[in-house]
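Asks: Pasting a structure here, questions to come.
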Protein chains: 2
Amino acid sequence: MQAVWLENNKIELKQITQPSITKEALIRIRKAGICSTDLELVKGYYPYRGVLGHEFVGEVVDAPVKDWIGARVVGEINTMCGQCDSCIHGLNTHCENRTVLGIINRNGVFAEYINLPLQNLLRVPDSVSDDFAVFTEPLAAALEIGQQVQIKPTDRVLIIGAGRLGQLIAQTLALTGCNLQVLARHTLQKELLTARGINITSEDEIQPRKWDVVVEATGSADGFDIARKAVRPRGTIVMKSTYKGDINVNFSSIVVDEINIIGSRCGPFEPALELLEQKLIDPTVLITARYPLKDALKAFEHAAQAGVLKVLLEMR
Amino acid sequence: MQAVWLENNKIELKQITQPSITKEALIRIRKAGICSTDLELVKGYYPYRGVLGHEFVGEVVDAPVKDWIGARVVGEINTMCGQCDSCIHGLNTHCENRTVLGIINRNGVFAEYINLPLQNLLRVPDSVSDDFAVFTEPLAAALEIGQQVQIKPTDRVLIIGAGRLGQLIAQTLALTGCNLQVLARHTLQKELLTARGINITSEDEIQPRKWDVVVEATGSADGFDIARKAVRPRGTIVMKSTYKGDINVNFSSIVVDEINIIGSRCGPFEPALELLEQKLIDPTVLITARYPLKDALKAFEHAAQAGVLKVLLEMR
């Protein structure tokens, strides 16, 4: 089968052996989304070799439990061993022996088929279209913020970055009723937020030391400095971006201002599907372009352009 | 009067004008403690010019409200304007217009007399001796951890550093019943902890990625790397040290492991006095040496030596 293969910081479209049914389900990919993490993996943020991609909706072609066959599904990208300290303590996305779809030791979804354990799968309600369902994983990542930090309706919340993930975070945090502003750079990013009644701001306008919660979602190291200046004493900075490289931090000032910095990664799938089903979130406005799998390299070039939001690969 | 004056990274014993009664109380210092922050200020961590020192017990010599006269007191080191955003939101140690005793725009306690607003003062119960009371401020700073982070009795808690502040943090966290270990380097540090039944450990023995809460209290930048390795996924690192210089942080790994980093500074005085009154904390075991004010420069040299715990200046 065809697949987008990453090796030595280069991607190519490659013929690889099609997976078959194992202890895990065999899933035919319907649609997949290109995410900033995919682009960072190509840049070498993490040494991965294999098929890229982790945002998908697909259908179960074969499975050890037969009533899954034919089900339209999305899938939690982290596998669990069930035995390690993290698994035993219920940290289900932090299994010490985990594979991660298209990121760590597991071929990803920019391919015709994948394997995933049944316990990772969730059935997609009929009323949720493929275009909505393919956003379940990044929407879950946006919801992780609410799992970690109490966002109060009276909080002043600033999101730095209005790209793929920033837009979804903005849509979810807007549901809390908080006093929300989003630092957006590109015209389309601004238009999408304004259309939903979400306030946008620019770097010059941000009031320093005023924000209860600042979410860093730029996908680059630059966002941290802006977040640090914006957050109030005893405020919280939520870090959502993964990228190559370190940041220089003055920890004495973090101590003096008693700032809370919290890293935030994968989130809960069920509430994400629930919000999609209720149409409280509309991720489809982010879709910039669609490519067939055979044009995946073009799709990656497109996705890497500044200001471009979601580029989908469509397998069927 | 005599005072320890800091200017251009140099301290000297200087004759300065004695403060008089103002809107604030006039306090005669009885004892004062030298803290790591004082030593860092001399190194230039923060550009301060004036009388050093913020840990003290004293007695009110004159005050706008006369029933304070004669009271033995300790004092909250941050002043409040009562009007700024931080004050209005109850962040009483984060006033945007604050002065800080011996640190920001306010002459400190390594002197015969100081001024402090009445609202900063707390009366010391008769049963709490000067040797105990002089530790109220650093003990409050240790208690700030419990104000910010829920320490569960089942938590595995590691303290990195067993110096002046680390010892007080260890004594307070031991009261929670948590599974506590302290990374101590010097013989005396280890002996004091062991004498209280607190477990000590060495860098080689620390289990990586196992600790629910790690408190960084080394007073130097080195502690962060040890803390980062020790903390479990979704665990918390409490940063207690202020020092000159930045730390290079790989934030992608903080995001992937969803680590919580929280800066922690000044804490609540009342519970600190309460614990001292109940004799649940014994800070006097930390007293390494006592000097009269006229020998303050010798006292600073002594306090800067590795492994030395609390050096007191005694004014009366």
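Residues in the structure tokens are named by chain (A, B, ... in the order shown) and by number from 1 within that chain; ligands are numbered from 1 in the order shown.
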Within 6 Å of Ile27 (chain B), counting only C-alpha atoms, which residues show up once you throw out same-chain ones fewer than 4 positions away? Write them as a list of chain:residue names, please.
Replies: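 The residues satisfying every condition are B:Glu59, B:Val60, B:Val61, B:Tyr113, B:Ile114.
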Asks: Output as a ChimeraX atom specification the set of chain A residues within 10 Å of chain B, with distances taken over only C-alpha atoms.
Replies: /A:45-46,85-86,91,93-96,148,209-210,221,224,232-266
Asks: Fewer than 6 positions away in the same chain doesn't count, so skip those; otherwise give me all residues within 6 Å of Val214 (chain A), counting only C-alpha atoms, as a list of chain:residue names.
Replies: A:Val157, A:Leu158, A:Ile159, A:Ala227, A:Ile237
Asks: Identify, with DSSP run on backbone atoms, the residues in region 43-128 of chain B assigned to helix (DSSP H, G or I), and express the list as a PyMOL selection string.
Replies: chain B and resi 43+66-68+85-88+118-120
Asks: Write out, as a PDB file, in the first residue's frame, the residues just selected, with N, CA, C and O atoms.
Replies:
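Contents of selection_24.pdb, freshly written:
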```
ATOM      1  N   LYS B  43      25.750  39.175  45.113  1.00  0.00           N
ATOM      2  CA  LYS B  43      26.307  38.730  43.818  1.00  0.00           C
ATOM      3  C   LYS B  43      25.691  39.493  42.648  1.00  0.00           C
ATOM      4  O   LYS B  43      26.155  39.383  41.520  1.00  0.00           O
ATOM      5  N   LYS B  66      -0.770  53.372  69.582  1.00  0.00           N
ATOM      6  CA  LYS B  66       0.141  53.268  70.719  1.00  0.00           C
ATOM      7  C   LYS B  66       0.170  51.892  71.385  1.00  0.00           C
ATOM      8  O   LYS B  66       1.167  51.537  72.024  1.00  0.00           O
ATOM      9  N   ASP B  67      -0.895  51.086  71.242  1.00  0.00           N
ATOM     10  CA  ASP B  67      -0.858  49.801  71.958  1.00  0.00           C
ATOM     11  C   ASP B  67       0.105  48.806  71.316  1.00  0.00           C
ATOM     12  O   ASP B  67       0.316  47.713  71.822  1.00  0.00           O
ATOM     13  N   TRP B  68       0.695  49.196  70.180  1.00  0.00           N
ATOM     14  CA  TRP B  68       1.758  48.349  69.618  1.00  0.00           C
ATOM     15  C   TRP B  68       3.099  48.573  70.326  1.00  0.00           C
ATOM     16  O   TRP B  68       3.992  47.727  70.239  1.00  0.00           O
ATOM     17  N   ASP B  85      -4.099  46.109  40.911  1.00  0.00           N
ATOM     18  CA  ASP B  85      -4.791  44.891  40.510  1.00  0.00           C
ATOM     19  C   ASP B  85      -4.461  43.708  41.421  1.00  0.00           C
ATOM     20  O   ASP B  85      -5.361  42.963  41.836  1.00  0.00           O
ATOM     21  N   SER B  86      -3.193  43.530  41.765  1.00  0.00           N
ATOM     22  CA  SER B  86      -2.801  42.409  42.630  1.00  0.00           C
ATOM     23  C   SER B  86      -3.419  42.555  44.018  1.00  0.00           C
ATOM     24  O   SER B  86      -3.955  41.594  44.577  1.00  0.00           O
ATOM     25  N   CYS B  87      -3.373  43.762  44.591  1.00  0.00           N
ATOM     26  CA  CYS B  87      -3.943  43.979  45.923  1.00  0.00           C
ATOM     27  C   CYS B  87      -5.446  43.726  45.909  1.00  0.00           C
ATOM     28  O   CYS B  87      -5.983  43.063  46.801  1.00  0.00           O
ATOM     29  N   ILE B  88      -6.110  44.255  44.862  1.00  0.00           N
ATOM     30  CA  ILE B  88      -7.567  44.109  44.770  1.00  0.00           C
ATOM     31  C   ILE B  88      -7.953  42.624  44.654  1.00  0.00           C
ATOM     32  O   ILE B  88      -8.987  42.195  45.171  1.00  0.00           O
ATOM     33  N   LEU B 118       2.236  49.117  60.128  1.00  0.00           N
ATOM     34  CA  LEU B 118       1.616  48.298  61.179  1.00  0.00           C
ATOM     35  C   LEU B 118       0.954  47.050  60.612  1.00  0.00           C
ATOM     36  O   LEU B 118       0.978  45.979  61.219  1.00  0.00           O
ATOM     37  N   GLN B 119       0.326  47.205  59.414  1.00  0.00           N
ATOM     38  CA  GLN B 119      -0.396  46.049  58.861  1.00  0.00           C
ATOM     39  C   GLN B 119       0.542  44.896  58.510  1.00  0.00           C
ATOM     40  O   GLN B 119       0.091  43.768  58.292  1.00  0.00           O
ATOM     41  N   ASN B 120       1.862  45.163  58.465  1.00  0.00           N
ATOM     42  CA  ASN B 120       2.814  44.088  58.172  1.00  0.00           C
ATOM     43  C   ASN B 120       3.234  43.312  59.415  1.00  0.00           C
ATOM     44  O   ASN B 120       3.871  42.265  59.311  1.00  0.00           O
TER      45      ASN B 120
END
```
Asks: Enumerate the residues of region 68-220 of chain A with a DSSP assignment of strand (DSSP E), computed from the backbone, and present them as a tab-separated table (two decimals) with N, CA and C atoms, in the first residue's frame.
Replies:
```tsv
chain	number	residue	atom	x	y	z
A	72	ARG	N	-17.32	2.98	11.89
A	72	ARG	CA	-16.55	4.19	11.57
A	72	ARG	C	-15.95	4.67	12.89
A	73	VAL	N	-14.62	4.90	12.90
A	73	VAL	CA	-13.94	5.12	14.17
A	73	VAL	C	-12.91	6.26	14.09
A	74	VAL	N	-12.65	6.81	15.26
A	74	VAL	CA	-11.45	7.60	15.48
A	74	VAL	C	-10.64	6.85	16.53
A	75	GLY	N	-9.37	7.28	16.75
A	75	GLY	CA	-8.54	6.48	17.66
A	75	GLY	C	-7.59	7.30	18.50
A	113	TYR	N	-3.98	1.90	5.23
A	113	TYR	CA	-4.43	1.11	6.39
A	113	TYR	C	-3.52	1.32	7.59
A	114	ILE	N	-4.09	1.14	8.76
A	114	ILE	CA	-3.28	1.09	9.98
A	114	ILE	C	-3.80	-0.02	10.90
A	115	ASN	N	-2.97	-0.37	11.87
A	115	ASN	CA	-3.40	-1.18	13.02
A	115	ASN	C	-3.52	-0.29	14.25
A	116	LEU	N	-4.52	-0.57	15.07
A	116	LEU	CA	-4.61	0.05	16.40
A	116	LEU	C	-5.31	-0.94	17.33
A	121	LEU	N	-10.00	2.61	20.17
A	121	LEU	CA	-11.00	3.08	19.19
A	121	LEU	C	-12.25	3.63	19.85
A	122	LEU	N	-12.83	4.62	19.20
A	122	LEU	CA	-14.15	5.15	19.58
A	122	LEU	C	-15.01	5.19	18.33
A	123	ARG	N	-16.26	4.70	18.45
A	123	ARG	CA	-17.20	4.77	17.34
A	123	ARG	C	-17.63	6.22	17.13
A	156	ARG	N	-9.43	36.17	32.80
A	156	ARG	CA	-8.93	36.80	31.58
A	156	ARG	C	-7.97	35.81	30.93
A	157	VAL	N	-8.34	35.31	29.76
A	157	VAL	CA	-7.57	34.24	29.11
A	157	VAL	C	-7.06	34.73	27.76
A	158	LEU	N	-5.76	34.57	27.55
A	158	LEU	CA	-5.13	34.99	26.29
A	158	LEU	C	-4.57	33.75	25.59
A	159	ILE	N	-4.91	33.59	24.32
A	159	ILE	CA	-4.31	32.51	23.52
A	159	ILE	C	-3.30	33.15	22.56
A	160	ILE	N	-2.06	32.67	22.62
A	160	ILE	CA	-1.03	33.19	21.71
A	160	ILE	C	-0.93	32.23	20.55
A	179	ASN	N	-13.26	35.69	29.78
A	179	ASN	CA	-12.89	36.89	29.04
A	179	ASN	C	-11.70	36.55	28.14
A	180	LEU	N	-12.02	36.20	26.88
A	180	LEU	CA	-11.03	35.56	25.99
A	180	LEU	C	-10.53	36.51	24.92
A	181	GLN	N	-9.21	36.53	24.72
A	181	GLN	CA	-8.67	37.21	23.54
A	181	GLN	C	-7.63	36.30	22.90
A	182	VAL	N	-7.51	36.42	21.58
A	182	VAL	CA	-6.60	35.56	20.83
A	182	VAL	C	-5.64	36.43	20.02
A	183	LEU	N	-4.34	36.18	20.20
A	183	LEU	CA	-3.34	36.86	19.38
A	183	LEU	C	-3.22	36.13	18.05
A	199	ASN	N	-12.84	37.52	20.42
A	199	ASN	CA	-12.03	38.74	20.31
A	199	ASN	C	-10.60	38.44	19.89
A	200	ILE	N	-10.10	39.24	18.94
A	200	ILE	CA	-8.71	39.09	18.53
A	200	ILE	C	-7.92	40.29	19.05
A	201	THR	N	-6.62	40.09	19.14
A	201	THR	CA	-5.74	41.17	19.60
A	201	THR	C	-4.42	41.09	18.84
A	211	TRP	N	-3.05	38.84	32.59
A	211	TRP	CA	-3.83	37.69	32.15
A	211	TRP	C	-3.74	36.54	33.15
A	212	ASP	N	-4.90	36.05	33.55
A	212	ASP	CA	-4.93	34.94	34.52
A	212	ASP	C	-4.34	33.66	33.93
A	213	VAL	N	-4.73	33.38	32.68
A	213	VAL	CA	-4.26	32.18	31.99
A	213	VAL	C	-3.79	32.59	30.59
A	214	VAL	N	-2.61	32.16	30.22
A	214	VAL	CA	-2.11	32.40	28.86
A	214	VAL	C	-1.78	31.05	28.24
A	215	VAL	N	-2.36	30.79	27.06
A	215	VAL	CA	-2.11	29.53	26.36
A	215	VAL	C	-1.14	29.80	25.21
A	216	GLU	N	0.01	29.13	25.24
A	216	GLU	CA	1.03	29.29	24.20
A	216	GLU	C	0.78	28.21	23.14
```
Asks: Fewer than 5 positions away in the same chain doesn't count, so skip those; otherwise give me all residues within 8 Å of Thr288 (chain A), counting only C-alpha atoms, as a ChimeraX atom specification.
Replies: /A:308-311
Asks: Fewer than 6 positions away in the same chain doesn't count, so skip those; otherwise give me all residues within 9 Å of Ile29 (chain B), counting only C-alpha atoms, as a ChimeraX atom specification.
Replies: /B:56-60,109-114,314-316
Asks: Store the residues picked out above in a file with N, CA and C atoms, as a PDB file, in the first residue's frame.
Replies:
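part_30.pdb written:
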```pdb
ATOM      1  N   PHE B  56      13.726  38.758  60.597  1.00  0.00           N
ATOM      2  CA  PHE B  56      13.999  39.429  61.875  1.00  0.00           C
ATOM      3  C   PHE B  56      12.938  39.122  62.917  1.00  0.00           C
ATOM      4  N   VAL B  57      13.338  39.367  64.155  1.00  0.00           N
ATOM      5  CA  VAL B  57      12.372  39.560  65.239  1.00  0.00           C
ATOM      6  C   VAL B  57      12.808  40.842  65.938  1.00  0.00           C
ATOM      7  N   GLY B  58      11.846  41.648  66.329  1.00  0.00           N
ATOM      8  CA  GLY B  58      12.191  42.937  66.940  1.00  0.00           C
ATOM      9  C   GLY B  58      11.128  43.367  67.916  1.00  0.00           C
ATOM     10  N   GLU B  59      11.286  44.613  68.369  1.00  0.00           N
ATOM     11  CA  GLU B  59      10.238  45.120  69.266  1.00  0.00           C
ATOM     12  C   GLU B  59       9.855  46.535  68.829  1.00  0.00           C
ATOM     13  N   VAL B  60       8.588  46.825  68.936  1.00  0.00           N
ATOM     14  CA  VAL B  60       8.086  48.121  68.484  1.00  0.00           C
ATOM     15  C   VAL B  60       8.484  49.190  69.511  1.00  0.00           C
ATOM     16  N   VAL B 109      16.833  44.793  57.552  1.00  0.00           N
ATOM     17  CA  VAL B 109      16.880  44.566  59.001  1.00  0.00           C
ATOM     18  C   VAL B 109      18.288  44.341  59.567  1.00  0.00           C
ATOM     19  N   PHE B 110      19.318  44.370  58.717  1.00  0.00           N
ATOM     20  CA  PHE B 110      20.673  44.255  59.265  1.00  0.00           C
ATOM     21  C   PHE B 110      21.098  45.650  59.717  1.00  0.00           C
ATOM     22  N   ALA B 111      20.399  46.128  60.737  1.00  0.00           N
ATOM     23  CA  ALA B 111      20.541  47.494  61.227  1.00  0.00           C
ATOM     24  C   ALA B 111      19.958  47.521  62.647  1.00  0.00           C
ATOM     25  N   GLU B 112      20.132  48.637  63.303  1.00  0.00           N
ATOM     26  CA  GLU B 112      19.588  48.707  64.665  1.00  0.00           C
ATOM     27  C   GLU B 112      18.081  48.924  64.673  1.00  0.00           C
ATOM     28  N   TYR B 113      17.592  49.694  63.686  1.00  0.00           N
ATOM     29  CA  TYR B 113      16.154  50.026  63.633  1.00  0.00           C
ATOM     30  C   TYR B 113      15.643  49.914  62.198  1.00  0.00           C
ATOM     31  N   ILE B 114      14.363  49.636  62.067  1.00  0.00           N
ATOM     32  CA  ILE B 114      13.690  49.715  60.755  1.00  0.00           C
ATOM     33  C   ILE B 114      12.316  50.365  60.933  1.00  0.00           C
ATOM     34  N   GLU B 314      22.911  39.376  65.967  1.00  0.00           N
ATOM     35  CA  GLU B 314      22.197  39.675  67.214  1.00  0.00           C
ATOM     36  C   GLU B 314      22.469  41.119  67.603  1.00  0.00           C
ATOM     37  N   MET B 315      21.413  41.906  67.652  1.00  0.00           N
ATOM     38  CA  MET B 315      21.557  43.325  67.955  1.00  0.00           C
ATOM     39  C   MET B 315      21.446  43.591  69.447  1.00  0.00           C
ATOM     40  N   ARG B 316      20.811  42.684  70.186  1.00  0.00           N
ATOM     41  CA  ARG B 316      20.706  42.916  71.622  1.00  0.00           C
ATOM     42  C   ARG B 316      20.766  41.564  72.353  1.00  0.00           C
TER      43      ARG B 316
END
```
Asks: Write out as a PyMOL selection string each polymer residue whose atoms come within 6 Å of Gln189 (chain B), counting only C-alpha atoms; drop sequence neighbours fewer than 3 positions from it.
Replies: chain B and resi 162+186+192
Asks: So how far away is CA of Leu293 (chain A) from CA of Gly163 (chain A), in Å?
Replies: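 Computing it gives 23.2 Å between the two atoms.
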Asks: For Ala303 (chain A), work out the shell of residues within 10 Å, counting only C-alpha atoms and skipping chain neighbours fewer than 2 positions away, then give it as a ChimeraX atom specification.
Replies: /A:33-36,38-39,288-289,297-301,305-312
Asks: How would the residues just picked look written out with C-alpha atoms as a PDB file, in the first residue's frame?
Replies:
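Done, and the output landed in again-v6.pdb:
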```pdb
ATOM      1  CA  GLY A  33      -5.171  15.745   8.899  1.00  0.00           C
ATOM      2  CA  ILE A  34      -1.688  17.236   8.743  1.00  0.00           C
ATOM      3  CA  CYS A  35      -0.700  18.758  12.069  1.00  0.00           C
ATOM      4  CA  SER A  36       2.179  20.982  13.187  1.00  0.00           C
ATOM      5  CA  ASP A  38       4.000  16.219  11.623  1.00  0.00           C
ATOM      6  CA  LEU A  39       5.843  19.218  10.181  1.00  0.00           C
ATOM      7  CA  THR A 288      -7.807  24.938   3.715  1.00  0.00           C
ATOM      8  CA  ALA A 289      -7.240  22.183   1.169  1.00  0.00           C
ATOM      9  CA  LEU A 297       4.051  15.602  -0.710  1.00  0.00           C
ATOM     10  CA  LYS A 298       2.224  18.564  -2.280  1.00  0.00           C
ATOM     11  CA  ALA A 299      -0.122  18.535   0.688  1.00  0.00           C
ATOM     12  CA  PHE A 300       2.852  18.775   3.084  1.00  0.00           C
ATOM     13  CA  GLU A 301       4.297  21.713   1.146  1.00  0.00           C
ATOM     14  CA  GLN A 305       3.050  27.638   4.330  1.00  0.00           C
ATOM     15  CA  ALA A 306       2.519  30.471   6.825  1.00  0.00           C
ATOM     16  CA  GLY A 307      -1.085  31.068   7.778  1.00  0.00           C
ATOM     17  CA  VAL A 308      -2.383  27.836   6.235  1.00  0.00           C
ATOM     18  CA  LEU A 309      -4.758  25.987   8.534  1.00  0.00           C
ATOM     19  CA  LYS A 310      -5.839  22.368   8.078  1.00  0.00           C
ATOM     20  CA  VAL A 311      -4.760  20.373   5.032  1.00  0.00           C
ATOM     21  CA  LEU A 312      -6.520  17.007   4.736  1.00  0.00           C
TER      22      LEU A 312
END
```
Asks: Please, what distance in Å, to one decimal, runs between CA of Arg228 (chain A) and CA of Ala142 (chain B)?
Replies: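 We find that CA of Arg228 (chain A) and CA of Ala142 (chain B) lie 24.7 Å from each other.
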Asks: So what do you get for CA of Pro125 (chain A) versus CA of Arg30 (chain A), distance-wise?
Replies: 15.3 Å
